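Asker: For reference, the file target-v2.txt (compact mmCIF, C-alpha atoms and all ligand atoms) is included below:
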# COMPACT_ATOMS: atom_id res chain seq x y z
CA MET A 1 -6.44 -27.14 -81.10
CA ASN A 2 -5.61 -27.76 -77.47
CA ASN A 3 -5.89 -24.42 -75.76
CA GLY A 4 -3.67 -25.50 -72.87
CA SER A 5 -5.57 -24.75 -69.71
CA VAL A 6 -3.01 -22.99 -67.51
CA ILE A 7 -5.35 -21.48 -64.95
CA ALA A 8 -5.24 -23.73 -61.90
CA THR A 9 -8.03 -23.44 -59.36
CA GLY A 10 -7.16 -20.77 -56.79
CA ASP A 11 -4.71 -18.90 -59.05
CA SER A 12 -5.59 -15.32 -59.89
CA VAL A 13 -5.36 -14.43 -63.56
CA ALA A 14 -2.41 -12.14 -62.74
CA ASP A 15 -0.56 -15.02 -60.99
CA THR A 16 -1.24 -17.26 -63.93
CA VAL A 17 -0.02 -14.66 -66.42
CA LYS A 18 3.18 -14.27 -64.37
CA GLN A 19 3.77 -18.03 -64.24
CA GLY A 20 3.19 -18.24 -67.96
CA ALA A 21 5.13 -15.07 -68.87
CA GLY A 22 6.55 -15.45 -72.35
CA LEU A 23 3.94 -18.24 -72.70
CA ARG A 24 6.35 -20.52 -70.81
CA ASN A 25 4.66 -23.86 -69.92
CA VAL A 26 1.63 -22.96 -72.03
CA VAL A 27 0.55 -25.58 -74.56
CA ALA A 28 -0.41 -23.36 -77.49
CA GLY A 29 -1.48 -26.01 -80.00
CA GLU A 30 -1.12 -29.58 -81.21
CA SER A 31 1.62 -30.78 -83.55
CA SER A 32 2.94 -34.13 -84.74
CA ILE A 33 6.18 -32.72 -86.21
CA SER A 34 8.69 -32.66 -83.36
CA SER A 35 8.73 -33.16 -79.61
CA ILE A 36 11.02 -32.13 -76.78
CA ASP A 37 11.43 -33.62 -73.32
CA GLY A 38 13.18 -30.78 -71.54
CA GLU A 39 13.83 -32.71 -68.35
CA ARG A 40 15.52 -35.64 -70.09
CA GLY A 41 17.10 -33.66 -72.92
CA VAL A 42 15.32 -35.53 -75.71
CA LEU A 43 14.44 -34.08 -79.12
CA ALA A 44 12.65 -36.18 -81.75
CA TYR A 45 11.42 -35.41 -85.25
CA ARG A 46 8.21 -37.36 -86.00
CA GLY A 47 9.11 -39.58 -83.02
CA ILE A 48 12.66 -40.38 -84.21
CA ASP A 49 15.42 -39.43 -81.79
CA ILE A 50 17.67 -36.62 -83.02
CA HIS A 51 20.80 -38.63 -82.13
CA ALA A 52 19.87 -41.35 -84.65
CA LEU A 53 19.08 -38.74 -87.29
CA ALA A 54 22.30 -36.81 -86.66
CA GLU A 55 24.41 -39.95 -87.00
CA GLN A 56 22.65 -41.76 -89.83
CA SER A 57 20.51 -39.39 -91.85
CA SER A 58 20.95 -36.49 -94.27
CA PHE A 59 19.29 -33.09 -94.48
CA GLU A 60 17.31 -34.19 -97.54
CA GLU A 61 15.92 -37.19 -95.65
CA VAL A 62 15.10 -35.08 -92.60
CA ALA A 63 13.33 -32.47 -94.76
CA PHE A 64 11.23 -35.27 -96.28
CA LEU A 65 10.48 -36.62 -92.80
CA LEU A 66 9.35 -33.22 -91.55
CA LEU A 67 7.36 -32.24 -94.65
CA ARG A 68 5.84 -35.60 -95.56
CA GLY A 69 5.54 -37.17 -92.12
CA HIS A 70 7.50 -40.43 -92.49
CA LEU A 71 10.96 -41.70 -93.38
CA PRO A 72 11.22 -41.99 -97.17
CA ALA A 73 11.72 -45.25 -99.03
CA ARG A 74 14.72 -45.14 -101.40
CA ALA A 75 12.63 -44.15 -104.45
CA GLU A 76 10.77 -41.47 -102.48
CA LEU A 77 14.02 -39.95 -101.25
CA ASP A 78 15.53 -40.01 -104.75
CA ALA A 79 12.50 -38.22 -106.22
CA PHE A 80 12.40 -35.68 -103.36
CA THR A 81 16.14 -35.00 -103.69
CA GLN A 82 15.79 -34.45 -107.44
CA GLU A 83 12.92 -32.06 -106.85
CA LEU A 84 14.93 -30.11 -104.25
CA ARG A 85 17.87 -29.86 -106.68
CA ARG A 86 15.59 -28.68 -109.51
CA GLU A 87 14.03 -25.97 -107.35
CA ARG A 88 17.31 -24.44 -106.09
CA PRO A 89 17.67 -21.58 -108.61
CA VAL A 90 16.01 -18.25 -107.81
CA PRO A 91 14.76 -15.72 -110.41
CA ALA A 92 17.28 -13.10 -111.62
CA PRO A 93 15.33 -10.12 -110.17
CA ILE A 94 16.17 -11.43 -106.68
CA VAL A 95 19.85 -10.72 -107.43
CA SER A 96 18.90 -7.23 -108.66
CA LEU A 97 16.92 -6.68 -105.46
CA LEU A 98 19.86 -7.75 -103.27
CA LYS A 99 22.10 -5.28 -105.10
CA LEU A 100 19.90 -2.43 -103.82
CA PHE A 101 20.94 -3.00 -100.19
CA PRO A 102 23.87 -1.05 -98.74
CA PRO A 103 26.80 -3.50 -98.14
CA ALA A 104 26.53 -3.01 -94.37
CA THR A 105 22.95 -4.35 -94.29
CA HIS A 106 22.64 -7.28 -91.90
CA PRO A 107 22.27 -10.48 -93.99
CA MET A 108 19.10 -11.40 -92.07
CA THR A 109 17.53 -8.14 -93.24
CA SER A 110 18.30 -8.79 -96.91
CA LEU A 111 17.41 -12.49 -96.61
CA ARG A 112 14.05 -11.63 -95.04
CA SER A 113 13.31 -9.15 -97.83
CA ALA A 114 14.42 -11.51 -100.60
CA VAL A 115 12.26 -14.36 -99.27
CA SER A 116 9.28 -12.02 -99.08
CA ALA A 117 9.99 -10.95 -102.69
CA LEU A 118 10.24 -14.60 -103.83
CA GLY A 119 6.50 -14.79 -103.11
CA GLY A 120 5.90 -12.47 -106.07
CA PHE A 121 7.93 -14.66 -108.43
CA ASP A 122 6.75 -18.07 -107.24
CA ALA A 123 5.64 -20.44 -110.00
CA ASP A 124 2.42 -21.08 -108.09
CA GLY A 125 1.60 -17.37 -107.91
CA ASN A 126 -1.42 -16.61 -105.76
CA ASP A 127 -2.56 -20.23 -105.71
CA ASP A 128 -2.98 -21.10 -102.03
CA THR A 129 -4.50 -24.55 -102.49
CA PRO A 130 -2.97 -27.35 -100.36
CA ALA A 131 -1.14 -28.80 -103.40
CA ALA A 132 0.33 -25.39 -104.34
CA ASN A 133 1.30 -24.71 -100.72
CA ALA A 134 3.11 -28.06 -100.53
CA ARG A 135 5.07 -27.12 -103.66
CA LYS A 136 5.91 -23.71 -102.18
CA ALA A 137 7.13 -25.41 -99.00
CA LEU A 138 9.52 -27.63 -100.94
CA ARG A 139 10.62 -24.77 -103.21
CA LEU A 140 11.42 -22.49 -100.27
CA THR A 141 13.35 -25.30 -98.57
CA ALA A 142 15.35 -25.73 -101.79
CA GLN A 143 15.89 -21.99 -102.34
CA MET A 144 16.82 -20.72 -98.88
CA GLY A 145 20.49 -21.76 -99.22
CA THR A 146 20.68 -20.18 -102.68
CA VAL A 147 19.40 -16.86 -101.33
CA VAL A 148 21.76 -16.92 -98.33
CA ALA A 149 24.76 -17.54 -100.61
CA LEU A 150 23.57 -14.77 -102.94
CA VAL A 151 23.18 -12.33 -100.05
CA ASP A 152 26.82 -12.87 -99.11
CA ARG A 153 28.27 -12.80 -102.62
CA VAL A 154 26.29 -9.76 -103.74
CA ARG A 155 27.30 -7.67 -100.72
CA ARG A 156 30.96 -8.53 -101.40
CA GLY A 157 30.61 -7.55 -105.06
CA ARG A 158 31.24 -11.15 -106.18
CA ASP A 159 29.47 -12.93 -109.01
CA PRO A 160 26.69 -15.31 -108.00
CA ILE A 161 27.48 -19.02 -108.29
CA ALA A 162 24.74 -21.15 -109.82
CA PRO A 163 23.61 -24.18 -107.78
CA ASP A 164 25.28 -27.46 -108.77
CA PRO A 165 22.62 -30.19 -109.12
CA SER A 166 25.24 -32.92 -108.68
CA LEU A 167 25.89 -31.83 -105.07
CA SER A 168 24.00 -32.59 -101.85
CA HIS A 169 22.09 -29.78 -100.16
CA ALA A 170 24.92 -29.22 -97.65
CA ALA A 171 27.76 -29.38 -100.19
CA ASN A 172 25.93 -27.20 -102.70
CA PHE A 173 25.34 -24.51 -100.08
CA LEU A 174 29.05 -24.34 -99.21
CA PHE A 175 29.90 -24.40 -102.93
CA MET A 176 27.56 -21.48 -103.75
CA LEU A 177 29.03 -19.53 -100.82
CA THR A 178 32.74 -20.12 -101.40
CA GLY A 179 33.03 -21.25 -105.04
CA GLU A 180 34.85 -24.40 -103.91
CA ARG A 181 33.51 -27.91 -103.60
CA PRO A 182 33.82 -28.76 -99.90
CA ARG A 183 35.97 -31.55 -98.52
CA PRO A 184 33.97 -34.57 -97.23
CA GLU A 185 34.44 -33.61 -93.55
CA ALA A 186 33.15 -30.07 -94.20
CA GLU A 187 30.15 -31.42 -96.14
CA ARG A 188 29.37 -33.86 -93.31
CA ALA A 189 29.66 -31.11 -90.66
CA MET A 190 27.34 -28.83 -92.65
CA ASP A 191 24.88 -31.66 -93.24
CA MET A 192 24.81 -32.52 -89.54
CA ALA A 193 24.30 -28.88 -88.56
CA LEU A 194 21.37 -28.71 -91.02
CA ILE A 195 19.84 -31.88 -89.54
CA LEU A 196 20.18 -30.60 -85.98
CA HIS A 197 18.61 -27.19 -86.67
CA ALA A 198 15.71 -28.36 -88.85
CA ASP A 199 12.89 -28.24 -86.31
CA HIS A 200 12.27 -27.51 -82.67
CA GLU A 201 8.62 -27.67 -81.72
CA PHE A 202 6.93 -24.31 -80.95
CA ASN A 203 10.08 -22.15 -80.82
CA ALA A 204 9.57 -18.41 -81.36
CA SER A 205 10.11 -18.27 -85.14
CA THR A 206 8.01 -21.37 -85.81
CA PHE A 207 5.23 -19.97 -83.66
CA ALA A 208 5.43 -16.68 -85.57
CA ALA A 209 5.10 -18.61 -88.84
CA ARG A 210 2.08 -20.50 -87.51
CA VAL A 211 0.41 -17.29 -86.28
CA ALA A 212 0.85 -15.73 -89.74
CA ALA A 213 -0.38 -18.89 -91.46
CA SER A 214 -3.41 -19.05 -89.17
CA THR A 215 -4.70 -15.79 -90.68
CA LEU A 216 -4.53 -17.58 -94.08
CA ALA A 217 -1.66 -15.32 -95.11
CA ASP A 218 0.48 -16.90 -97.83
CA VAL A 219 3.38 -19.32 -97.23
CA HIS A 220 6.06 -16.77 -98.18
CA GLY A 221 4.54 -14.26 -95.74
CA ALA A 222 4.59 -16.83 -92.93
CA ILE A 223 8.26 -17.68 -93.62
CA THR A 224 9.11 -13.96 -93.74
CA ALA A 225 7.57 -13.60 -90.27
CA ALA A 226 9.67 -16.55 -89.10
CA LEU A 227 12.86 -14.99 -90.50
CA ALA A 228 12.10 -11.70 -88.77
CA THR A 229 11.70 -13.58 -85.50
CA LEU A 230 14.78 -15.77 -85.92
CA LYS A 231 17.07 -12.73 -86.13
CA GLY A 232 16.85 -11.81 -82.45
CA PRO A 233 19.82 -12.74 -80.21
CA LEU A 234 17.52 -14.49 -77.72
CA HIS A 235 16.66 -16.91 -80.54
CA GLY A 236 18.60 -17.67 -83.75
CA GLY A 237 20.75 -14.55 -83.49
CA ALA A 238 22.53 -16.16 -80.53
CA ASN A 239 25.00 -18.08 -82.73
CA GLU A 240 26.40 -14.84 -84.17
CA ALA A 241 26.55 -13.33 -80.67
CA VAL A 242 28.44 -16.42 -79.40
CA MET A 243 31.20 -15.96 -81.97
CA LYS A 244 31.56 -12.30 -81.03
CA THR A 245 31.80 -13.33 -77.37
CA LEU A 246 34.48 -15.93 -78.14
CA GLN A 247 36.46 -13.36 -80.12
CA GLU A 248 36.15 -10.85 -77.30
CA ILE A 249 37.33 -13.34 -74.66
CA GLY A 250 40.17 -14.39 -76.97
CA ALA A 251 41.93 -17.03 -74.83
CA PRO A 252 40.88 -19.82 -72.41
CA GLU A 253 42.69 -18.22 -69.44
CA ARG A 254 40.55 -15.09 -69.81
CA ALA A 255 37.25 -17.04 -69.72
CA GLU A 256 36.80 -17.14 -65.95
CA GLY A 257 37.21 -13.40 -65.38
CA TRP A 258 35.10 -12.51 -68.40
CA VAL A 259 32.19 -14.74 -67.35
CA ARG A 260 32.37 -13.54 -63.72
CA GLU A 261 32.19 -9.91 -64.84
CA ALA A 262 29.36 -10.57 -67.30
CA LEU A 263 27.28 -12.40 -64.70
CA ALA A 264 27.94 -9.70 -62.08
CA ALA A 265 26.68 -7.13 -64.60
CA LYS A 266 23.57 -9.34 -65.07
CA LYS A 267 24.40 -9.91 -68.72
CA LYS A 268 23.06 -12.93 -70.57
CA ILE A 269 25.82 -15.18 -71.86
CA MET A 270 24.90 -16.11 -75.39
CA GLY A 271 24.61 -19.78 -76.26
CA PHE A 272 23.62 -20.81 -72.72
CA GLY A 273 20.31 -21.55 -71.07
CA HIS A 274 17.10 -22.67 -72.69
CA ALA A 275 13.40 -22.07 -72.33
CA VAL A 276 12.62 -25.81 -72.36
CA TYR A 277 15.76 -27.92 -71.68
CA ARG A 278 16.70 -28.35 -68.04
CA THR A 279 19.65 -30.54 -68.97
CA GLU A 280 22.04 -30.75 -71.94
CA ASP A 281 20.51 -29.68 -75.25
CA PRO A 282 20.91 -32.93 -77.27
CA ARG A 283 21.95 -30.91 -80.33
CA ALA A 284 24.89 -29.41 -78.43
CA THR A 285 26.32 -32.91 -77.84
CA HIS A 286 26.90 -33.38 -81.58
CA LEU A 287 28.02 -29.85 -82.31
CA ARG A 288 30.59 -29.98 -79.49
CA ARG A 289 32.11 -33.13 -80.98
CA MET A 290 31.97 -31.66 -84.48
CA SER A 291 33.71 -28.48 -83.30
CA ARG A 292 36.57 -30.52 -81.83
CA GLN A 293 36.89 -32.82 -84.85
CA LEU A 294 36.86 -29.98 -87.38
CA GLY A 295 39.32 -27.95 -85.30
CA GLU A 296 41.70 -30.92 -85.04
CA ALA A 297 41.42 -31.72 -88.77
CA LYS A 298 42.32 -28.12 -89.56
CA GLY A 299 45.07 -27.92 -86.91
CA GLU A 300 43.08 -25.11 -85.30
CA ARG A 301 41.70 -26.33 -81.95
CA ARG A 302 41.77 -22.82 -80.56
CA TRP A 303 38.02 -22.11 -80.84
CA TYR A 304 37.05 -25.50 -79.47
CA ASP A 305 39.44 -25.16 -76.50
CA LEU A 306 38.14 -21.69 -75.73
CA SER A 307 34.50 -22.81 -76.06
CA GLU A 308 35.08 -25.79 -73.78
CA ARG A 309 36.61 -23.53 -71.12
CA VAL A 310 33.75 -21.00 -71.33
CA GLU A 311 31.24 -23.85 -71.05
CA ALA A 312 32.95 -25.21 -67.91
CA VAL A 313 33.06 -21.78 -66.28
CA VAL A 314 29.41 -20.92 -67.07
CA ARG A 315 28.31 -24.29 -65.76
CA ALA A 316 30.31 -23.87 -62.56
CA GLN A 317 29.30 -20.27 -61.93
CA LYS A 318 25.65 -20.27 -63.06
CA GLY A 319 24.67 -23.91 -63.57
CA LEU A 320 23.66 -23.26 -67.18
CA ASN A 321 24.10 -25.70 -70.06
CA ALA A 322 25.26 -24.87 -73.57
CA ASN A 323 22.47 -24.78 -76.14
CA VAL A 324 22.49 -25.45 -79.91
CA ASP A 325 23.98 -22.05 -80.69
CA PHE A 326 27.09 -22.36 -78.53
CA TYR A 327 29.11 -24.94 -80.46
CA SER A 328 27.49 -24.20 -83.82
CA ALA A 329 29.39 -20.89 -83.70
CA SER A 330 32.86 -22.50 -83.73
CA VAL A 331 31.70 -25.13 -86.26
CA TYR A 332 30.55 -22.45 -88.73
CA HIS A 333 33.65 -20.35 -88.09
CA ILE A 334 35.97 -23.25 -88.89
CA LEU A 335 33.92 -23.95 -92.04
CA GLY A 336 34.86 -20.42 -93.14
CA ILE A 337 31.36 -18.96 -92.83
CA PRO A 338 31.34 -15.21 -92.01
CA THR A 339 30.02 -14.52 -88.49
CA ASP A 340 27.02 -12.43 -89.54
CA LEU A 341 25.92 -15.28 -91.81
CA PHE A 342 25.50 -17.75 -88.93
CA THR A 343 21.83 -16.91 -88.34
CA PRO A 344 20.97 -17.08 -92.07
CA VAL A 345 22.61 -20.56 -92.08
CA PHE A 346 20.23 -21.51 -89.26
CA ALA A 347 17.39 -20.47 -91.61
CA VAL A 348 18.77 -22.67 -94.44
CA SER A 349 17.91 -25.60 -92.19
CA ARG A 350 14.92 -24.37 -90.16
CA VAL A 351 12.93 -23.53 -93.28
CA ALA A 352 12.13 -27.25 -93.51
CA GLY A 353 10.54 -27.17 -90.06
CA TRP A 354 8.85 -23.81 -90.60
CA THR A 355 7.18 -24.91 -93.81
CA ALA A 356 6.13 -28.25 -92.28
CA HIS A 357 4.48 -26.31 -89.45
CA VAL A 358 2.76 -23.91 -91.85
CA LEU A 359 1.29 -26.85 -93.80
CA GLU A 360 0.23 -28.53 -90.55
CA GLN A 361 -1.38 -25.32 -89.29
CA LEU A 362 -3.27 -24.86 -92.56
CA GLY A 363 -4.35 -28.50 -92.51
CA ASN A 364 -6.37 -27.96 -89.34
CA ASN A 365 -6.58 -24.22 -89.01
CA ARG A 366 -8.10 -21.96 -86.45
CA LEU A 367 -7.02 -18.31 -86.17
CA ILE A 368 -4.43 -18.00 -83.37
CA ARG A 369 -5.74 -15.18 -81.28
CA PRO A 370 -4.99 -15.29 -77.54
CA GLU A 371 -6.09 -12.72 -75.00
CA SER A 372 -4.17 -10.33 -72.79
CA GLU A 373 -4.70 -9.36 -69.17
CA TYR A 374 -5.40 -5.62 -69.39
CA THR A 375 -3.41 -3.68 -66.75
CA GLY A 376 -4.15 -0.07 -67.76
CA PRO A 377 -6.70 2.37 -66.30
CA ARG A 378 -10.42 1.96 -66.99
CA ASP A 379 -13.31 4.36 -67.47
CA VAL A 380 -11.03 7.28 -68.27
CA ALA A 381 -12.86 10.42 -69.44
CA TYR A 382 -11.90 11.82 -72.84
CA VAL A 383 -10.36 15.30 -72.37
CA PRO A 384 -10.77 17.66 -75.33
CA MET A 385 -7.48 18.91 -76.80
CA ASP A 386 -7.74 22.51 -75.51
CA GLN A 387 -8.29 21.32 -71.93
CA ARG A 388 -5.20 19.04 -71.66
C1 LIG A 401 17.12 -18.89 -74.10
C2 LIG A 401 16.65 -17.97 -73.00
C3 LIG A 401 16.00 -16.73 -73.63
C4 LIG A 401 15.63 -18.72 -72.18
O1 LIG A 401 15.16 -17.83 -71.29
P1 LIG A 401 14.09 -18.14 -70.14
O2 LIG A 401 13.51 -19.49 -70.22
O3 LIG A 401 13.14 -17.02 -70.21
O4 LIG A 401 14.94 -18.11 -68.88
P2 LIG A 401 15.17 -16.83 -68.05
O5 LIG A 401 15.65 -15.76 -68.95
O6 LIG A 401 13.92 -16.58 -67.25
O7 LIG A 401 16.31 -17.29 -67.12
C5 LIG A 401 16.17 -17.90 -65.86
C6 LIG A 401 17.38 -17.50 -65.04
O8 LIG A 401 18.58 -17.94 -65.69
C7 LIG A 401 19.37 -16.82 -66.08
N1 LIG A 401 19.87 -17.08 -67.42
C8 LIG A 401 19.25 -17.75 -68.40
N2 LIG A 401 20.01 -17.79 -69.49
C9 LIG A 401 21.12 -17.11 -69.18
C10 LIG A 401 22.29 -16.81 -69.88
N3 LIG A 401 22.43 -17.22 -71.15
N4 LIG A 401 23.26 -16.12 -69.27
C11 LIG A 401 23.11 -15.71 -68.00
N5 LIG A 401 22.03 -15.97 -67.27
C12 LIG A 401 21.04 -16.65 -67.85
C13 LIG A 401 18.42 -15.65 -66.07
O9 LIG A 401 19.10 -14.43 -65.91
C14 LIG A 401 17.56 -15.99 -64.90
O10 LIG A 401 18.31 -15.78 -63.72
P3 LIG A 401 17.66 -15.16 -62.42
O11 LIG A 401 16.64 -16.19 -62.01
O12 LIG A 401 18.81 -15.03 -61.53
O13 LIG A 401 17.04 -13.88 -62.87
C15 LIG A 401 17.83 -17.53 -72.12
O14 LIG A 401 18.42 -18.65 -71.54
C16 LIG A 401 18.84 -16.70 -72.86
O15 LIG A 401 18.63 -15.48 -73.02
N6 LIG A 401 19.94 -17.32 -73.33
C17 LIG A 401 20.93 -16.61 -74.13
C18 LIG A 401 20.47 -16.47 -75.57
C19 LIG A 401 20.54 -17.77 -76.30
O16 LIG A 401 21.52 -18.48 -76.25
N7 LIG A 401 19.45 -18.05 -77.04
C20 LIG A 401 19.37 -19.22 -77.87
C21 LIG A 401 18.42 -20.21 -77.30
S1 LIG A 401 18.48 -21.74 -78.19
The structure in this file should be written as structure tokens.

Answerer:
Amino acid sequence: MNNGSVIATGDSVADTVKQGAGLRNVVAGESSISSIDGERGVLAYRGIDIHALAEQSSFEEVAFLLLRGHLPARAELDAFTQELRRERPVPAPIVSLLKLFPPATHPMTSLRSAVSALGGFDADGNDDTPAANARKALRLTAQMGTVVALVDRVRRGRDPIAPDPSLSHAANFLFMLTGERPRPEAERAMDMALILHADHEFNASTFAARVAASTLADVHGAITAALATLKGPLHGGANEAVMKTLQEIGAPERAEGWVREALAAKKKIMGFGHAVYRTEDPRATHLRRMSRQLGEAKGERRWYDLSERVEAVVRAQKGLNANVDFYSASVYHILGIPTDLFTPVFAVSRVAGWTAHVLEQLGNNRLIRPESEYTGPRDVAYVPMDQR
């Protein structure tokens, strides 16, 4: 592991901690899964530029690339795809478990619990050998979409829809959610969104998964930690918050006043800014185009037009760029996905990256255990209860 020396000569520890607050600019480990150049706006999975993958690949191929480390040959992809399709179903008790949650439960809460529970039903049980962990990684990647669709159907009192092994990962997810086989443009949009969200270096949820894995906790536990971390609006929860913002603003002519007021009140505008990118998030480029194309195909450009206006105003007033979550909101909305399911949809994709990182961590493990700079009092005398 590279421990990322951040203490420059002459810096006090306190200065260094401040510079690296939130571990910004700290290299916390080595990885060969994905890389980001924040200055140039480049994201690559296993060295392959995200633009090429978004335009020419599929989620299945990207999941193989992340989990197995190279682009698959035709036969490898066929076998991997078959395996993913075979592993989609989840055991019946998961449905019973989901029925226990009150309907108002946030889908990330029930998803997180169901994925944790899947650990108890996994075919590999308590086997944590590398071969069993690789199978768990693939199984979780296959099952995440099934669980997300179940979460939504169960809370609405609808019957679950069994996965259809003749459909691609993207099409099957939309099918299990809505009960209808998606049109080709909807399948392509979903597939592209899955490709674009699949991995992103040491983001917060991936790091949480790696920390859990580094204790030699099991794969399901590590992915549960990742799901818990993804929910927050500063991370994956931002896509849901973006849609709520767009609905609140309502019309392009209201964007300027709304953004001005929000910035004056020192509010964060969801879907903007990034911890690493200093220029356009390369994922946003594709999602922006997809949002326009889907809106036009459906004769409903309203959300794209509003998003474009908000983006222009935020850029002009604060110099911030849209991130992955900004245009994914209108894409998912036009695909008919309920707003509070946006972050679970993120997980349907990111599970491929999470599990790849867990396997990588376990392949060369050392317990992740940083230190803190203690700022409290020292040498404090213990005062007995009756003298306080
Ligand atoms: C992603 C995010 C957490 C990165 O944060 P960060 O690297 O810690 O950056 P900071 O929060 O230190 O922001 C630096 C400055 O930009 C401002 N800023 C950053 N993102 C902002 C946003 N979305 N809206 C308004 N101001 C923002 C900060 O207020 C700060 O301004 P200041 O210097 O005047 O105080 C942050 O941009 C954010 O909260 N964005 C909204 C949530 C979101 O979309 N998350 C998904 C990320 S993919």

Asker: List every protein, DNA or RNA residue with an atom no more than 9 Å from (36.7, -38.7, -88.8) in the file's coordinates, counting all atoms listed in the file, and format the result as a PyMOL selection string.

Answerer: chain A and resi 185+293-294+297

Asker: Given a cut-off of 9 Å, what residues near ligand LIG 401 (chain A) show up using all atoms listed in the file, put as a CSV table (one decimal) with C-alpha atoms, in the coordinates of the input?

Answerer:
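That gives us out34.csv:
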chain,number,residue,atom,x,y,z
A,21,ALA,CA,5.1,-15.1,-68.9
A,22,GLY,CA,6.6,-15.4,-72.4
A,24,ARG,CA,6.4,-20.5,-70.8
A,203,ASN,CA,10.1,-22.2,-80.8
A,232,GLY,CA,16.8,-11.8,-82.4
A,233,PRO,CA,19.8,-12.7,-80.2
A,234,LEU,CA,17.5,-14.5,-77.7
A,235,HIS,CA,16.7,-16.9,-80.5
A,236,GLY,CA,18.6,-17.7,-83.8
A,237,GLY,CA,20.8,-14.6,-83.5
A,238,ALA,CA,22.5,-16.2,-80.5
A,239,ASN,CA,25.0,-18.1,-82.7
A,241,ALA,CA,26.6,-13.3,-80.7
A,242,VAL,CA,28.4,-16.4,-79.4
A,262,ALA,CA,29.4,-10.6,-67.3
A,263,LEU,CA,27.3,-12.4,-64.7
A,266,LYS,CA,23.6,-9.3,-65.1
A,267,LYS,CA,24.4,-9.9,-68.7
A,268,LYS,CA,23.1,-12.9,-70.6
A,269,ILE,CA,25.8,-15.2,-71.9
A,270,MET,CA,24.9,-16.1,-75.4
A,271,GLY,CA,24.6,-19.8,-76.3
A,272,PHE,CA,23.6,-20.8,-72.7
A,273,GLY,CA,20.3,-21.6,-71.1
A,274,HIS,CA,17.1,-22.7,-72.7
A,275,ALA,CA,13.4,-22.1,-72.3
A,276,VAL,CA,12.6,-25.8,-72.4
A,277,TYR,CA,15.8,-27.9,-71.7
A,281,ASP,CA,20.5,-29.7,-75.2
A,314,VAL,CA,29.4,-20.9,-67.1
A,318,LYS,CA,25.6,-20.3,-63.1
A,319,GLY,CA,24.7,-23.9,-63.6
A,320,LEU,CA,23.7,-23.3,-67.2
A,321,ASN,CA,24.1,-25.7,-70.1
A,322,ALA,CA,25.3,-24.9,-73.6
A,323,ASN,CA,22.5,-24.8,-76.1
A,324,VAL,CA,22.5,-25.4,-79.9
A,325,ASP,CA,24.0,-22.0,-80.7
A,326,PHE,CA,27.1,-22.4,-78.5

Asker: When you draw a straight line from CA of Lys136 in chain A to CA of Arg283 in chain A, how long is it in Å?

Answerer: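 Straight-line distance from CA of Lys136 in chain A to CA of Arg283 in chain A works out to 28.0 Å.
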
Asker: For each of A:Val26, A:Val147, A:Val351, A:Leu84, take the minimum atom-to-atom distance to Ser166 in chain A, counting all atoms listed in the file, then give the residue where this is smallest.

Answerer: A:Leu84

Asker: One decimal, in Å: what's the spacing between CA of Val62 in chain A and CA of Leu194 in chain A?

Answerer: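 Value for the CA of Val62 in chain A-CA of Leu194 in chain A distance: 9.1 Å.
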
Asker: Using all atoms listed in the file, which of the listed residues (A:Thr343, A:Thr285, A:Thr206, A:Ser372) sits closest to Val42 in chain A?

Answerer: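 Nearest to Val42 in chain A: A:Thr285.
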
Asker: Go ahead and find all residues with at least one atom no further than 10 Å from (9.3, -40.5, -81.0) in the file's coordinates, using only C-alpha atoms; report them as a PyMOL selection string.

Answerer: chain A and resi 32-36+42-50
